[in-house]
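Take a look at the structure set out below.
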Amino acid sequence: MFSLKVLVVLLAFVNAVVQASNQVVLTCESSPPEKGDQGPPGPPGHYGAKGQKGDTGSTAELENSISALEDRLKETEEDIAAMAKTISDLQKKGGKCQCMKVIGGKIWHGPGNGYFYYTVQSDMTYDQAKSKCSQLGATVATQGPKSRDVMRILEAQMSVLTTEEYWIGLTDKAGEGRYVWEDGTALQSSQANWKPGEPNNTDNNEDCIGINYLDSLQWNDYLCTHNLYALCERKA
Ligand SMILES: [Ca+2]
Ligand SMILES: [Ca+2]
């Protein structure tokens with residue numbers, strides 16, 4: 001038979017084992033569970049809101065561009081007119097000749113001979129040059145080209161004159177070698193400024209005169225259907 005003391009010790013041992021077992025269970029139960037597998041993807045979302053209206057077509061864009069350019073051109077012309085007026089006012093104060101004038105929205109240059117000059121910068125025949133200058137209230141330049149000094153001043157005023165050739169108001173349409181200005185007067189030998197070798201009346205058909213061959217301000221006879229720019233001349 002176990003003694004009472006042994007029985008008490010056994011009971012205490014059993015109790016200790018049970019408590020230890022409970023602690024292990026409690027510890028295991030407090031650990032977080034492992035993650036499960038990832039679920040399937042959700043259903044697709046709703047359609048987005050309707051987009052903004054698209055741009056208008058290319059024709060409308062072109063019209064807008066043209067309109068903007070027209071506005072810009074108008075502003076530029078106004079600026080030029082204001083600038084020319086300022087220059088003119090300054091010249092008047094200084095007592096000098098009026099060397100620039102705005103007529104019909106265009107700048108005309110005055111070399112001091114009482115006439116003003118404008119260059120039409122597009123290719124045209126002699127008759128087209130006459131017509132174009134006439135539309136501007138002018139004639140193809142006649143008085144200016146009679147003087148080399150005037151043309152040198154004009155060349156300094158109009159930088160474009162240094163790079164192109166222009167019709168002037170002189171032809172021998174009335175008879176080969178009989179050169180007559182558009183004002184009806186005959187060409188004087190002292191007025192002539194022919195390029196060496198000109199006039200040569202190529203193909204027996206060159207009757208209209210252009211100036212500034214290779215930036216020389218010298219003259220050449222051309223077919224009247226040749227294409228040059230136009231130098232127009234008018235009174236103030
Ligand atoms: Ca001729
Ligand atoms: Ca010629």
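Labeling convention for the structure tokens: chains A, B, ... as they appear, residues from 1 per chain, ligands from 1 in order of appearance.
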message: as a list in words, please: every protein or nucleic acid residue near ligand 1 (cut-off 7 Å, counting only C-alpha atoms and all ligand atoms).
response: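 So the residues close to ligand 1 are Asp172, Lys173, Glu176, Gly177, Asn201, Asn204, Asn205, Glu206, Asp207 and Asp221 of chain A.
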field: Environment of ligand 2 within 8 Å, counting only C-alpha atoms and all ligand atoms, reported as number ranges by chain
entry: A: 198-202, 206, 220-223
One-decimal distance in Å that lies between CA of Thr225 in chain A and CA of Asp127 in chain A: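 If I compute the distance from CA of Asp127 in chain A to CA of Thr225 in chain A, I get 8.1 Å.
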query: What residues in range 84-224 of chain A get the DSSP label alpha helix (DSSP H)? Please answer as number ranges by chain.
result: A: 84-93, 126-135, 148-157
field: Å distance separating CA of Thr139 in chain A from CA of Met151 in chain A, one decimal place
entry: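 Pair CA of Thr139 in chain A / CA of Met151 in chain A returns 16.2 Å.
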message: Env of Gly210 in chain A: 9 Å cut, atoms = only C-alpha atoms, seq-sep filter 2 positions within chain, self excluded. Answer as a PyMOL selection string.
response: chain A and resi 165-170+208+212-213+218-222+228-230
task: Write out as a list in words all residues of range 162-223 of chain A that backbone DSSP assigns to strand (DSSP E or B).
output: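 Residues of range 162-223 of chain A classed as strand (DSSP E or B): Tyr166, Trp167, Ile168, Gly169, Leu170, Thr171, Val180, Trp181, Ala186, Trp194, Cys208, Ile209, Gly210, Ile211, Trp219, Asn220, Asp221 and Tyr222 of chain A.
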Please identify every residue of range 123-162 of chain A that has at least one atom no farther than 8 Å from an atom of range 187-193 of chain A, counting only C-alpha atoms, and for each give the shortest atom pair and the distance in Å to one decimal, arranged by chain then increasing number, as CSV.
residue,atom,partner,partner_atom,distance
A:Pro145,CA,A:Gln191,CA,7.8
A:Lys146,CA,A:Gln191,CA,5.1
A:Ser147,CA,A:Gln191,CA,6.3
A:Arg148,CA,A:Gln191,CA,7.7
task: For His109 in chain A, please output as a list in words all residues within 9 Å (counting only C-alpha atoms; exclusion window: fewer than 5 positions along the same chain).
output: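 That gives Gln98, Cys99, Met100, Lys101, Val102, Tyr115, Phe116, Tyr117, Tyr118, Leu154, Gln157 and Met158 of chain A.
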With C-alpha atoms retained, write the just-selected residues as a short mmCIF file (atom, residue, chain, number, x, y, z; two decimals), in the first residue's frame.
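Result file part_13.cif:
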data_model
loop_
_atom_site.label_atom_id
_atom_site.label_comp_id
_atom_site.auth_asym_id
_atom_site.auth_seq_id
_atom_site.Cartn_x
_atom_site.Cartn_y
_atom_site.Cartn_z
CA GLN A 98 10.34 113.08 -96.78
CA CYS A 99 12.04 109.79 -97.60
CA MET A 100 9.25 107.42 -96.73
CA LYS A 101 5.48 107.54 -97.12
CA VAL A 102 2.68 105.09 -96.43
CA TYR A 115 8.67 110.75 -106.59
CA PHE A 116 8.03 107.71 -104.42
CA TYR A 117 8.87 104.11 -105.25
CA TYR A 118 7.46 100.70 -104.39
CA LEU A 154 16.92 104.23 -103.90
CA GLN A 157 16.70 102.77 -99.16
CA MET A 158 15.24 99.56 -100.59
#
message: Which residues are close to Gln128 in chain A, i.e. within 12 Å by only C-alpha atoms, leaving aside same-chain residues fewer than 2 positions away? Reply as JSON, numbers by chain.
response: {"A": [120, 122, 123, 124, 125, 126, 130, 131, 132, 133, 134, 135, 139, 140, 167, 224, 225, 226, 227, 228, 229, 230, 231, 232]}
field: Counting only C-alpha atoms, the option among A:Leu217, A:Leu69, A:Ile153, A:Ile103 closest to Gly137 in chain A
entry: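 Residue with the minimum atom-to-atom distance to Gly137 in chain A: A:Ile103.
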